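**Q** work_18.pdb is the file, holding PDB, N, CA, C and O atoms:
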```
ATOM      1  N   MET F1353     -34.375   2.186  32.470
ATOM      2  CA  MET F1353     -33.250   3.098  32.581
ATOM      3  C   MET F1353     -32.119   2.620  31.665
ATOM      4  O   MET F1353     -31.795   1.444  31.626
ATOM      5  N   MET F1354     -31.523   3.542  30.936
ATOM      6  CA  MET F1354     -30.453   3.184  30.019
ATOM      7  C   MET F1354     -29.112   3.266  30.748
ATOM      8  O   MET F1354     -28.832   4.233  31.448
ATOM      9  N   ALA F1355     -28.311   2.245  30.581
ATOM     10  CA  ALA F1355     -26.997   2.220  31.216
ATOM     11  C   ALA F1355     -26.047   3.167  30.496
ATOM     12  O   ALA F1355     -26.057   3.269  29.277
ATOM     13  N   THR F1356     -25.246   3.873  31.277
ATOM     14  CA  THR F1356     -24.258   4.788  30.701
ATOM     15  C   THR F1356     -22.951   4.670  31.459
ATOM     16  O   THR F1356     -22.895   4.125  32.556
ATOM     17  N   GLY F1357     -21.897   5.224  30.854
ATOM     18  CA  GLY F1357     -20.608   5.293  31.526
ATOM     19  C   GLY F1357     -20.044   3.946  31.903
ATOM     20  O   GLY F1357     -20.045   3.004  31.128
ATOM     21  N   ARG F1358     -19.572   3.841  33.119
ATOM     22  CA  ARG F1358     -18.901   2.616  33.551
ATOM     23  C   ARG F1358     -19.853   1.439  33.740
ATOM     24  O   ARG F1358     -19.431   0.322  33.970
ATOM     25  N   TYR F1359     -21.151   1.681  33.651
ATOM     26  CA  TYR F1359     -22.122   0.618  33.842
ATOM     27  C   TYR F1359     -22.500  -0.105  32.552
ATOM     28  O   TYR F1359     -23.317  -1.003  32.568
ATOM     29  N   LEU F1360     -21.898   0.287  31.430
ATOM     30  CA  LEU F1360     -22.171  -0.398  30.177
ATOM     31  C   LEU F1360     -21.501  -1.763  30.152
ATOM     32  O   LEU F1360     -20.376  -1.910  30.613
ATOM     33  N   ASP F1361     -22.182  -2.739  29.581
ATOM     34  CA  ASP F1361     -21.506  -4.011  29.395
ATOM     35  C   ASP F1361     -20.586  -3.894  28.179
ATOM     36  O   ASP F1361     -20.690  -2.960  27.387
ATOM     37  N   ARG F1362     -19.700  -4.826  28.053
ATOM     38  CA  ARG F1362     -18.667  -4.758  27.008
ATOM     39  C   ARG F1362     -19.269  -4.699  25.603
ATOM     40  O   ARG F1362     -18.837  -3.923  24.766
ATOM     41  N   ALA F1363     -20.266  -5.522  25.329
ATOM     42  CA  ALA F1363     -20.867  -5.568  23.992
ATOM     43  C   ALA F1363     -21.525  -4.236  23.636
ATOM     44  O   ALA F1363     -21.382  -3.740  22.514
ATOM     45  N   THR F1364     -22.253  -3.649  24.588
ATOM     46  CA  THR F1364     -22.915  -2.369  24.334
ATOM     47  C   THR F1364     -21.893  -1.278  24.097
ATOM     48  O   THR F1364     -22.033  -0.460  23.189
ATOM     49  N   ARG F1365     -20.839  -1.267  24.889
ATOM     50  CA  ARG F1365     -19.788  -0.266  24.737
ATOM     51  C   ARG F1365     -19.128  -0.373  23.360
ATOM     52  O   ARG F1365     -18.953   0.623  22.665
ATOM     53  N   GLU F1366     -18.780  -1.583  22.950
ATOM     54  CA  GLU F1366     -18.149  -1.792  21.647
ATOM     55  C   GLU F1366     -19.086  -1.400  20.512
ATOM     56  O   GLU F1366     -18.661  -0.815  19.518
ATOM     57  N   GLN F1367     -20.384  -1.693  20.654
ATOM     58  CA  GLN F1367     -21.358  -1.336  19.636
ATOM     59  C   GLN F1367     -21.457   0.183  19.503
ATOM     60  O   GLN F1367     -21.455   0.720  18.393
ATOM     61  N   ARG F1368     -21.516   0.888  20.620
ATOM     62  CA  ARG F1368     -21.620   2.352  20.570
ATOM     63  C   ARG F1368     -20.349   2.992  20.016
ATOM     64  O   ARG F1368     -20.423   3.979  19.285
ATOM     65  N   LEU F1369     -19.203   2.437  20.339
ATOM     66  CA  LEU F1369     -17.953   2.959  19.773
ATOM     67  C   LEU F1369     -17.914   2.754  18.264
ATOM     68  O   LEU F1369     -17.491   3.638  17.519
ATOM     69  N   ALA F1370     -18.376   1.600  17.807
ATOM     70  CA  ALA F1370     -18.417   1.326  16.366
ATOM     71  C   ALA F1370     -19.376   2.286  15.665
ATOM     72  O   ALA F1370     -19.074   2.788  14.575
ATOM     73  N   GLU F1371     -20.522   2.567  16.283
ATOM     74  CA  GLU F1371     -21.470   3.522  15.700
ATOM     75  C   GLU F1371     -20.864   4.917  15.633
ATOM     76  O   GLU F1371     -21.059   5.636  14.649
ATOM     77  N   ALA F1372     -20.137   5.314  16.661
ATOM     78  CA  ALA F1372     -19.505   6.631  16.678
ATOM     79  C   ALA F1372     -18.432   6.732  15.591
ATOM     80  O   ALA F1372     -18.321   7.758  14.911
ATOM     81  N   ARG F1373     -17.639   5.668  15.411
ATOM     82  CA  ARG F1373     -16.622   5.662  14.351
ATOM     83  C   ARG F1373     -17.273   5.756  12.976
ATOM     84  O   ARG F1373     -16.818   6.499  12.110
ATOM     85  N   ALA F1374     -18.343   5.004  12.772
ATOM     86  CA  ALA F1374     -19.043   5.023  11.485
ATOM     87  C   ALA F1374     -19.614   6.416  11.216
ATOM     88  O   ALA F1374     -19.547   6.920  10.088
ATOM     89  N   TRP F1375     -20.169   7.069  12.238
ATOM     90  CA  TRP F1375     -20.703   8.420  12.077
ATOM     91  C   TRP F1375     -19.593   9.384  11.688
ATOM     92  O   TRP F1375     -19.772  10.202  10.790
ATOM     93  N   ARG F1376     -18.449   9.273  12.349
ATOM     94  CA  ARG F1376     -17.331  10.177  12.045
ATOM     95  C   ARG F1376     -16.851   9.998  10.603
ATOM     96  O   ARG F1376     -16.583  10.958   9.902
ATOM     97  N   ILE F1377     -16.776   8.754  10.148
ATOM     98  CA  ILE F1377     -16.349   8.483   8.775
ATOM     99  C   ILE F1377     -17.379   9.033   7.783
ATOM    100  O   ILE F1377     -17.026   9.646   6.780
ATOM    101  N   ARG F1378     -18.679   8.832   8.081
ATOM    102  CA  ARG F1378     -19.736   9.332   7.214
ATOM    103  C   ARG F1378     -19.752  10.856   7.136
ATOM    104  O   ARG F1378     -20.011  11.434   6.084
ATOM    105  N   MET F1379     -19.482  11.522   8.248
ATOM    106  CA  MET F1379     -19.579  12.981   8.321
ATOM    107  C   MET F1379     -18.287  13.695   7.930
ATOM    108  O   MET F1379     -18.277  14.915   7.794
ATOM    109  N   LYS F1380     -17.190  12.973   7.732
ATOM    110  CA  LYS F1380     -15.899  13.599   7.436
ATOM    111  C   LYS F1380     -15.947  14.541   6.239
ATOM    112  O   LYS F1380     -15.448  15.666   6.334
ATOM    113  N   PRO F1381     -16.544  14.159   5.103
ATOM    114  CA  PRO F1381     -16.591  15.099   3.972
ATOM    115  C   PRO F1381     -17.317  16.405   4.315
ATOM    116  O   PRO F1381     -16.924  17.482   3.872
ATOM    117  N   TYR F1382     -18.365  16.308   5.104
ATOM    118  CA  TYR F1382     -19.122  17.490   5.509
ATOM    119  C   TYR F1382     -18.247  18.432   6.334
ATOM    120  O   TYR F1382     -18.186  19.634   6.076
ATOM    121  N   PHE F1383     -17.553  17.908   7.337
ATOM    122  CA  PHE F1383     -16.713  18.739   8.185
ATOM    123  C   PHE F1383     -15.473  19.244   7.445
ATOM    124  O   PHE F1383     -15.023  20.363   7.683
ATOM    125  N   ASP F1384     -14.931  18.439   6.526
ATOM    126  CA  ASP F1384     -13.800  18.905   5.712
ATOM    127  C   ASP F1384     -14.209  20.098   4.857
ATOM    128  O   ASP F1384     -13.428  21.028   4.664
ATOM    129  N   ALA F1385     -15.445  20.075   4.343
ATOM    130  CA  ALA F1385     -15.922  21.184   3.523
ATOM    131  C   ALA F1385     -16.046  22.465   4.345
ATOM    132  O   ALA F1385     -15.785  23.554   3.851
ATOM    133  N   ILE F1386     -16.415  22.340   5.605
ATOM    134  CA  ILE F1386     -16.587  23.510   6.465
ATOM    135  C   ILE F1386     -15.250  24.000   7.015
ATOM    136  O   ILE F1386     -14.928  25.185   6.943
ATOM    137  N   TYR F1387     -14.464  23.093   7.579
ATOM    138  CA  TYR F1387     -13.271  23.477   8.332
ATOM    139  C   TYR F1387     -11.957  23.234   7.604
ATOM    140  O   TYR F1387     -10.902  23.580   8.106
ATOM    141  N   GLY F1388     -11.996  22.612   6.449
ATOM    142  CA  GLY F1388     -10.770  22.271   5.735
ATOM    143  C   GLY F1388     -10.331  20.862   6.088
ATOM    144  O   GLY F1388     -10.804  20.263   7.051
ATOM    145  N   VAL F1389      -9.398  20.342   5.305
ATOM    146  CA  VAL F1389      -8.943  18.972   5.499
ATOM    147  C   VAL F1389      -8.105  18.875   6.772
ATOM    148  O   VAL F1389      -7.269  19.728   7.045
ATOM    149  N   GLU F1390      -8.367  17.838   7.526
ATOM    150  CA  GLU F1390      -7.648  17.611   8.778
ATOM    151  C   GLU F1390      -6.203  17.225   8.471
ATOM    152  O   GLU F1390      -5.956  16.340   7.661
ATOM    153  N   PRO F1391      -5.228  17.903   9.098
ATOM    154  CA  PRO F1391      -3.835  17.543   8.838
ATOM    155  C   PRO F1391      -3.512  16.154   9.398
ATOM    156  O   PRO F1391      -4.097  15.731  10.392
ATOM    157  N   THR F1392      -2.604  15.466   8.734
ATOM    158  CA  THR F1392      -2.178  14.154   9.218
ATOM    159  C   THR F1392      -0.863  14.303   9.971
ATOM    160  O   THR F1392      -0.229  15.346   9.929
ATOM    161  N   ARG F1393      -0.455  13.271  10.648
ATOM    162  CA  ARG F1393       0.791  13.297  11.399
ATOM    163  C   ARG F1393       1.787  12.290  10.821
ATOM    164  O   ARG F1393       1.401  11.226  10.369
ATOM    165  N   CYS F1394       3.050  12.657  10.871
ATOM    166  CA  CYS F1394       4.123  11.782  10.414
ATOM    167  C   CYS F1394       4.200  10.570  11.341
ATOM    168  O   CYS F1394       4.163  10.711  12.569
ATOM    169  N   ASP F1395       4.281   9.376  10.767
ATOM    170  CA  ASP F1395       4.366   8.154  11.572
ATOM    171  C   ASP F1395       5.670   8.081  12.349
ATOM    172  O   ASP F1395       5.746   7.450  13.398
ATOM    173  N   HIS F1396       6.700   8.723  11.841
ATOM    174  CA  HIS F1396       8.019   8.639  12.468
ATOM    175  C   HIS F1396       8.178   9.626  13.621
ATOM    176  O   HIS F1396       8.560   9.269  14.723
ATOM    177  N   CYS F1397       7.882  10.919  13.354
ATOM    178  CA  CYS F1397       8.160  11.945  14.372
ATOM    179  C   CYS F1397       6.922  12.549  15.002
ATOM    180  O   CYS F1397       7.002  13.230  16.019
ATOM    181  N   GLY F1398       5.744  12.343  14.412
ATOM    182  CA  GLY F1398       4.514  12.880  14.975
ATOM    183  C   GLY F1398       4.195  14.309  14.563
ATOM    184  O   GLY F1398       3.190  14.867  14.980
ATOM    185  N   GLN F1399       5.031  14.911  13.720
ATOM    186  CA  GLN F1399       4.805  16.283  13.270
ATOM    187  C   GLN F1399       3.635  16.322  12.297
ATOM    188  O   GLN F1399       3.433  15.404  11.506
ATOM    189  N   ARG F1400       2.854  17.411  12.355
ATOM    190  CA  ARG F1400       1.710  17.560  11.447
ATOM    191  C   ARG F1400       2.188  17.750  10.017
ATOM    192  O   ARG F1400       3.126  18.477   9.755
ATOM    193  N   ILE F1401       1.491  17.090   9.090
ATOM    194  CA  ILE F1401       1.785  17.191   7.668
ATOM    195  C   ILE F1401       0.550  17.796   7.007
ATOM    196  O   ILE F1401      -0.564  17.382   7.265
ATOM    197  N   GLY F1402       0.748  18.760   6.129
ATOM    198  CA  GLY F1402      -0.378  19.413   5.468
ATOM    199  C   GLY F1402      -0.786  20.653   6.242
ATOM    200  O   GLY F1402      -0.367  20.878   7.374
ATOM    201  N   SER F1403      -1.610  21.466   5.634
ATOM    202  CA  SER F1403      -2.055  22.687   6.295
ATOM    203  C   SER F1403      -3.548  22.799   6.216
ATOM    204  O   SER F1403      -4.195  22.181   5.400
ATOM    205  N   ARG F1404      -4.101  23.624   7.059
ATOM    206  CA  ARG F1404      -5.544  23.864   7.080
ATOM    207  C   ARG F1404      -5.857  25.054   6.251
ATOM    208  O   ARG F1404      -5.183  25.951   6.080
TER     209      ARG F1404
END
```
Here is the file; what I need is its structure written in the form of structure tokens.
**A**
Amino acid sequence: MMATGRYLDRATREQRLAEARAWRIRMKPYFDAIYGVEPTRCDHCGQRIGSR
């Protein structure tokens, strides 16, 4: 049985989060081509910068 949710040990959880981040970075150009570039937020006020 594969552990999920709150039953994951710390190492497994960190490994899966790292894999998810890597997938998102790898797939970003693909999704940008479909949906447009993701707007960024201002570090000072949090307002969205750029348009879709």
**Q** Which residues fall under the PyMOL selection byres (((chain F and resi 1401 and name CA) around 6) and name CA) in this file, as a list in words?
**A**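 Evaluating the PyMOL selection byres (((chain F and resi 1401 and name CA) around 6) and name CA) on this file yields Pro1391, Thr1392, Arg1393, Arg1400 and Gly1402 of chain F.
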**Q** Extract the full set of alpha helix (DSSP H) residues from chain F according to DSSP on the backbone, and format it as a list in words.
**A**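 Across chain F, those assigned alpha helix (DSSP H) are Arg1362, Ala1363, Thr1364, Arg1365, Glu1366, Gln1367, Arg1368, Leu1369, Ala1370, Glu1371, Ala1372, Arg1373, Ala1374, Trp1375, Arg1376, Ile1377, Arg1378, Met1379, Lys1380, Pro1381, Tyr1382, Phe1383, Asp1384, Ala1385, Ile1386 and Tyr1387 of chain F.
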**Q** Take the residues that were just selected and, keeping N, CA, C and O atoms, output them as an mmCIF file, keeping the file's coordinate frame.
**A**
```cif
data_model
loop_
_atom_site.group_PDB
_atom_site.id
_atom_site.type_symbol
_atom_site.label_atom_id
_atom_site.label_comp_id
_atom_site.auth_asym_id
_atom_site.auth_seq_id
_atom_site.Cartn_x
_atom_site.Cartn_y
_atom_site.Cartn_z
ATOM 1 N N ARG F 1362 -19.700 -4.826 28.053
ATOM 2 C CA ARG F 1362 -18.667 -4.758 27.008
ATOM 3 C C ARG F 1362 -19.269 -4.699 25.603
ATOM 4 O O ARG F 1362 -18.837 -3.923 24.766
ATOM 5 N N ALA F 1363 -20.266 -5.522 25.329
ATOM 6 C CA ALA F 1363 -20.867 -5.568 23.992
ATOM 7 C C ALA F 1363 -21.525 -4.236 23.636
ATOM 8 O O ALA F 1363 -21.382 -3.740 22.514
ATOM 9 N N THR F 1364 -22.253 -3.649 24.588
ATOM 10 C CA THR F 1364 -22.915 -2.369 24.334
ATOM 11 C C THR F 1364 -21.893 -1.278 24.097
ATOM 12 O O THR F 1364 -22.033 -0.460 23.189
ATOM 13 N N ARG F 1365 -20.839 -1.267 24.889
ATOM 14 C CA ARG F 1365 -19.788 -0.266 24.737
ATOM 15 C C ARG F 1365 -19.128 -0.373 23.360
ATOM 16 O O ARG F 1365 -18.953 0.623 22.665
ATOM 17 N N GLU F 1366 -18.780 -1.583 22.950
ATOM 18 C CA GLU F 1366 -18.149 -1.792 21.647
ATOM 19 C C GLU F 1366 -19.086 -1.400 20.512
ATOM 20 O O GLU F 1366 -18.661 -0.815 19.518
ATOM 21 N N GLN F 1367 -20.384 -1.693 20.654
ATOM 22 C CA GLN F 1367 -21.358 -1.336 19.636
ATOM 23 C C GLN F 1367 -21.457 0.183 19.503
ATOM 24 O O GLN F 1367 -21.455 0.720 18.393
ATOM 25 N N ARG F 1368 -21.516 0.888 20.620
ATOM 26 C CA ARG F 1368 -21.620 2.352 20.570
ATOM 27 C C ARG F 1368 -20.349 2.992 20.016
ATOM 28 O O ARG F 1368 -20.423 3.979 19.285
ATOM 29 N N LEU F 1369 -19.203 2.437 20.339
ATOM 30 C CA LEU F 1369 -17.953 2.959 19.773
ATOM 31 C C LEU F 1369 -17.914 2.754 18.264
ATOM 32 O O LEU F 1369 -17.491 3.638 17.519
ATOM 33 N N ALA F 1370 -18.376 1.600 17.807
ATOM 34 C CA ALA F 1370 -18.417 1.326 16.366
ATOM 35 C C ALA F 1370 -19.376 2.286 15.665
ATOM 36 O O ALA F 1370 -19.074 2.788 14.575
ATOM 37 N N GLU F 1371 -20.522 2.567 16.283
ATOM 38 C CA GLU F 1371 -21.470 3.522 15.700
ATOM 39 C C GLU F 1371 -20.864 4.917 15.633
ATOM 40 O O GLU F 1371 -21.059 5.636 14.649
ATOM 41 N N ALA F 1372 -20.137 5.314 16.661
ATOM 42 C CA ALA F 1372 -19.505 6.631 16.678
ATOM 43 C C ALA F 1372 -18.432 6.732 15.591
ATOM 44 O O ALA F 1372 -18.321 7.758 14.911
ATOM 45 N N ARG F 1373 -17.639 5.668 15.411
ATOM 46 C CA ARG F 1373 -16.622 5.662 14.351
ATOM 47 C C ARG F 1373 -17.273 5.756 12.976
ATOM 48 O O ARG F 1373 -16.818 6.499 12.110
ATOM 49 N N ALA F 1374 -18.343 5.004 12.772
ATOM 50 C CA ALA F 1374 -19.043 5.023 11.485
ATOM 51 C C ALA F 1374 -19.614 6.416 11.216
ATOM 52 O O ALA F 1374 -19.547 6.920 10.088
ATOM 53 N N TRP F 1375 -20.169 7.069 12.238
ATOM 54 C CA TRP F 1375 -20.703 8.420 12.077
ATOM 55 C C TRP F 1375 -19.593 9.384 11.688
ATOM 56 O O TRP F 1375 -19.772 10.202 10.790
ATOM 57 N N ARG F 1376 -18.449 9.273 12.349
ATOM 58 C CA ARG F 1376 -17.331 10.177 12.045
ATOM 59 C C ARG F 1376 -16.851 9.998 10.603
ATOM 60 O O ARG F 1376 -16.583 10.958 9.902
ATOM 61 N N ILE F 1377 -16.776 8.754 10.148
ATOM 62 C CA ILE F 1377 -16.349 8.483 8.775
ATOM 63 C C ILE F 1377 -17.379 9.033 7.783
ATOM 64 O O ILE F 1377 -17.026 9.646 6.780
ATOM 65 N N ARG F 1378 -18.679 8.832 8.081
ATOM 66 C CA ARG F 1378 -19.736 9.332 7.214
ATOM 67 C C ARG F 1378 -19.752 10.856 7.136
ATOM 68 O O ARG F 1378 -20.011 11.434 6.084
ATOM 69 N N MET F 1379 -19.482 11.522 8.248
ATOM 70 C CA MET F 1379 -19.579 12.981 8.321
ATOM 71 C C MET F 1379 -18.287 13.695 7.930
ATOM 72 O O MET F 1379 -18.277 14.915 7.794
ATOM 73 N N LYS F 1380 -17.190 12.973 7.732
ATOM 74 C CA LYS F 1380 -15.899 13.599 7.436
ATOM 75 C C LYS F 1380 -15.947 14.541 6.239
ATOM 76 O O LYS F 1380 -15.448 15.666 6.334
ATOM 77 N N PRO F 1381 -16.544 14.159 5.103
ATOM 78 C CA PRO F 1381 -16.591 15.099 3.972
ATOM 79 C C PRO F 1381 -17.317 16.405 4.315
ATOM 80 O O PRO F 1381 -16.924 17.482 3.872
ATOM 81 N N TYR F 1382 -18.365 16.308 5.104
ATOM 82 C CA TYR F 1382 -19.122 17.490 5.509
ATOM 83 C C TYR F 1382 -18.247 18.432 6.334
ATOM 84 O O TYR F 1382 -18.186 19.634 6.076
ATOM 85 N N PHE F 1383 -17.553 17.908 7.337
ATOM 86 C CA PHE F 1383 -16.713 18.739 8.185
ATOM 87 C C PHE F 1383 -15.473 19.244 7.445
ATOM 88 O O PHE F 1383 -15.023 20.363 7.683
ATOM 89 N N ASP F 1384 -14.931 18.439 6.526
ATOM 90 C CA ASP F 1384 -13.800 18.905 5.712
ATOM 91 C C ASP F 1384 -14.209 20.098 4.857
ATOM 92 O O ASP F 1384 -13.428 21.028 4.664
ATOM 93 N N ALA F 1385 -15.445 20.075 4.343
ATOM 94 C CA ALA F 1385 -15.922 21.184 3.523
ATOM 95 C C ALA F 1385 -16.046 22.465 4.345
ATOM 96 O O ALA F 1385 -15.785 23.554 3.851
ATOM 97 N N ILE F 1386 -16.415 22.340 5.605
ATOM 98 C CA ILE F 1386 -16.587 23.510 6.465
ATOM 99 C C ILE F 1386 -15.250 24.000 7.015
ATOM 100 O O ILE F 1386 -14.928 25.185 6.943
ATOM 101 N N TYR F 1387 -14.464 23.093 7.579
ATOM 102 C CA TYR F 1387 -13.271 23.477 8.332
ATOM 103 C C TYR F 1387 -11.957 23.234 7.604
ATOM 104 O O TYR F 1387 -10.902 23.580 8.106
#
```
**Q** So which bits of chain F end up strand (DSSP E) when you DSSP the backbone, as a list in words?
**A**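 Everything in chain F that counts as strand (DSSP E) is Thr1392, Arg1393, Arg1400 and Ile1401 of chain F.
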**Q** So that all listed atoms of stretch 1380-1389 of chain F fit with 4 Å spare on each side, what axis-aligned box centre and edge lengths in Å, to one decimal, would you give as lines of an AutoDock Vina configuration file?
**A**
```
center_x = -13.2
center_y = 19.1
center_z = 5.9
size_x = 19.9
size_y = 20.2
size_z = 12.8
```
**Q** Can you fill out stretch 1386-1396 of chain F with all heavy atoms and hand it back as an mmCIF file, keeping the file's coordinate frame?
**A**
```
data_model
loop_
_atom_site.group_PDB
_atom_site.id
_atom_site.type_symbol
_atom_site.label_atom_id
_atom_site.label_comp_id
_atom_site.auth_asym_id
_atom_site.auth_seq_id
_atom_site.Cartn_x
_atom_site.Cartn_y
_atom_site.Cartn_z
ATOM 1 N N ILE F 1386 -16.415 22.340 5.605
ATOM 2 C CA ILE F 1386 -16.587 23.510 6.465
ATOM 3 C C ILE F 1386 -15.250 24.000 7.015
ATOM 4 O O ILE F 1386 -14.928 25.185 6.943
ATOM 5 C CB ILE F 1386 -17.535 23.194 7.636
ATOM 6 C CG1 ILE F 1386 -18.933 22.909 7.108
ATOM 7 C CG2 ILE F 1386 -17.562 24.345 8.637
ATOM 8 C CD1 ILE F 1386 -19.889 22.424 8.174
ATOM 9 N N TYR F 1387 -14.464 23.093 7.579
ATOM 10 C CA TYR F 1387 -13.271 23.477 8.332
ATOM 11 C C TYR F 1387 -11.957 23.234 7.604
ATOM 12 O O TYR F 1387 -10.902 23.580 8.106
ATOM 13 C CB TYR F 1387 -13.232 22.724 9.663
ATOM 14 C CG TYR F 1387 -14.447 22.987 10.513
ATOM 15 C CD1 TYR F 1387 -15.397 21.996 10.713
ATOM 16 C CD2 TYR F 1387 -14.645 24.223 11.104
ATOM 17 C CE1 TYR F 1387 -16.518 22.234 11.492
ATOM 18 C CE2 TYR F 1387 -15.769 24.473 11.874
ATOM 19 C CZ TYR F 1387 -16.694 23.476 12.070
ATOM 20 O OH TYR F 1387 -17.801 23.710 12.830
ATOM 21 N N GLY F 1388 -11.996 22.612 6.449
ATOM 22 C CA GLY F 1388 -10.770 22.271 5.735
ATOM 23 C C GLY F 1388 -10.331 20.862 6.088
ATOM 24 O O GLY F 1388 -10.804 20.263 7.051
ATOM 25 N N VAL F 1389 -9.398 20.342 5.305
ATOM 26 C CA VAL F 1389 -8.943 18.972 5.499
ATOM 27 C C VAL F 1389 -8.105 18.875 6.772
ATOM 28 O O VAL F 1389 -7.269 19.728 7.045
ATOM 29 C CB VAL F 1389 -8.122 18.505 4.276
ATOM 30 C CG1 VAL F 1389 -7.579 17.113 4.492
ATOM 31 C CG2 VAL F 1389 -8.984 18.548 3.026
ATOM 32 N N GLU F 1390 -8.367 17.838 7.526
ATOM 33 C CA GLU F 1390 -7.648 17.611 8.778
ATOM 34 C C GLU F 1390 -6.203 17.225 8.471
ATOM 35 O O GLU F 1390 -5.956 16.340 7.661
ATOM 36 C CB GLU F 1390 -8.335 16.478 9.535
ATOM 37 C CG GLU F 1390 -7.759 16.182 10.882
ATOM 38 C CD GLU F 1390 -8.528 15.083 11.604
ATOM 39 O OE1 GLU F 1390 -9.580 14.657 11.111
ATOM 40 O OE2 GLU F 1390 -8.050 14.648 12.645
ATOM 41 N N PRO F 1391 -5.228 17.903 9.098
ATOM 42 C CA PRO F 1391 -3.835 17.543 8.838
ATOM 43 C C PRO F 1391 -3.512 16.154 9.398
ATOM 44 O O PRO F 1391 -4.097 15.731 10.392
ATOM 45 C CB PRO F 1391 -3.038 18.621 9.567
ATOM 46 C CG PRO F 1391 -3.960 19.165 10.585
ATOM 47 C CD PRO F 1391 -5.350 18.994 10.044
ATOM 48 N N THR F 1392 -2.604 15.466 8.734
ATOM 49 C CA THR F 1392 -2.178 14.154 9.218
ATOM 50 C C THR F 1392 -0.863 14.303 9.971
ATOM 51 O O THR F 1392 -0.229 15.346 9.929
ATOM 52 C CB THR F 1392 -2.001 13.170 8.051
ATOM 53 O OG1 THR F 1392 -1.071 13.727 7.133
ATOM 54 C CG2 THR F 1392 -3.317 12.937 7.332
ATOM 55 N N ARG F 1393 -0.455 13.271 10.648
ATOM 56 C CA ARG F 1393 0.791 13.297 11.399
ATOM 57 C C ARG F 1393 1.787 12.290 10.821
ATOM 58 O O ARG F 1393 1.401 11.226 10.369
ATOM 59 C CB ARG F 1393 0.545 12.975 12.865
ATOM 60 C CG ARG F 1393 -0.247 14.063 13.563
ATOM 61 C CD ARG F 1393 -0.086 13.944 15.068
ATOM 62 N NE ARG F 1393 -0.781 15.018 15.738
ATOM 63 C CZ ARG F 1393 -0.203 16.156 16.123
ATOM 64 N NH1 ARG F 1393 1.056 16.354 15.903
ATOM 65 N NH2 ARG F 1393 -0.900 17.079 16.739
ATOM 66 N N CYS F 1394 3.050 12.657 10.871
ATOM 67 C CA CYS F 1394 4.123 11.782 10.414
ATOM 68 C C CYS F 1394 4.200 10.570 11.341
ATOM 69 O O CYS F 1394 4.163 10.711 12.569
ATOM 70 C CB CYS F 1394 5.441 12.550 10.425
ATOM 71 S SG CYS F 1394 6.886 11.518 10.082
ATOM 72 N N ASP F 1395 4.281 9.376 10.767
ATOM 73 C CA ASP F 1395 4.366 8.154 11.572
ATOM 74 C C ASP F 1395 5.670 8.081 12.349
ATOM 75 O O ASP F 1395 5.746 7.450 13.398
ATOM 76 C CB ASP F 1395 4.244 6.917 10.682
ATOM 77 C CG ASP F 1395 2.845 6.786 10.076
ATOM 78 O OD1 ASP F 1395 1.881 7.303 10.689
ATOM 79 O OD2 ASP F 1395 2.739 6.160 8.999
ATOM 80 N N HIS F 1396 6.700 8.723 11.841
ATOM 81 C CA HIS F 1396 8.019 8.639 12.468
ATOM 82 C C HIS F 1396 8.178 9.626 13.621
ATOM 83 O O HIS F 1396 8.560 9.269 14.723
ATOM 84 C CB HIS F 1396 9.113 8.862 11.421
ATOM 85 C CG HIS F 1396 10.497 8.792 11.952
ATOM 86 N ND1 HIS F 1396 11.049 7.614 12.411
ATOM 87 C CD2 HIS F 1396 11.439 9.747 12.123
ATOM 88 C CE1 HIS F 1396 12.272 7.861 12.843
ATOM 89 N NE2 HIS F 1396 12.526 9.149 12.672
#
```
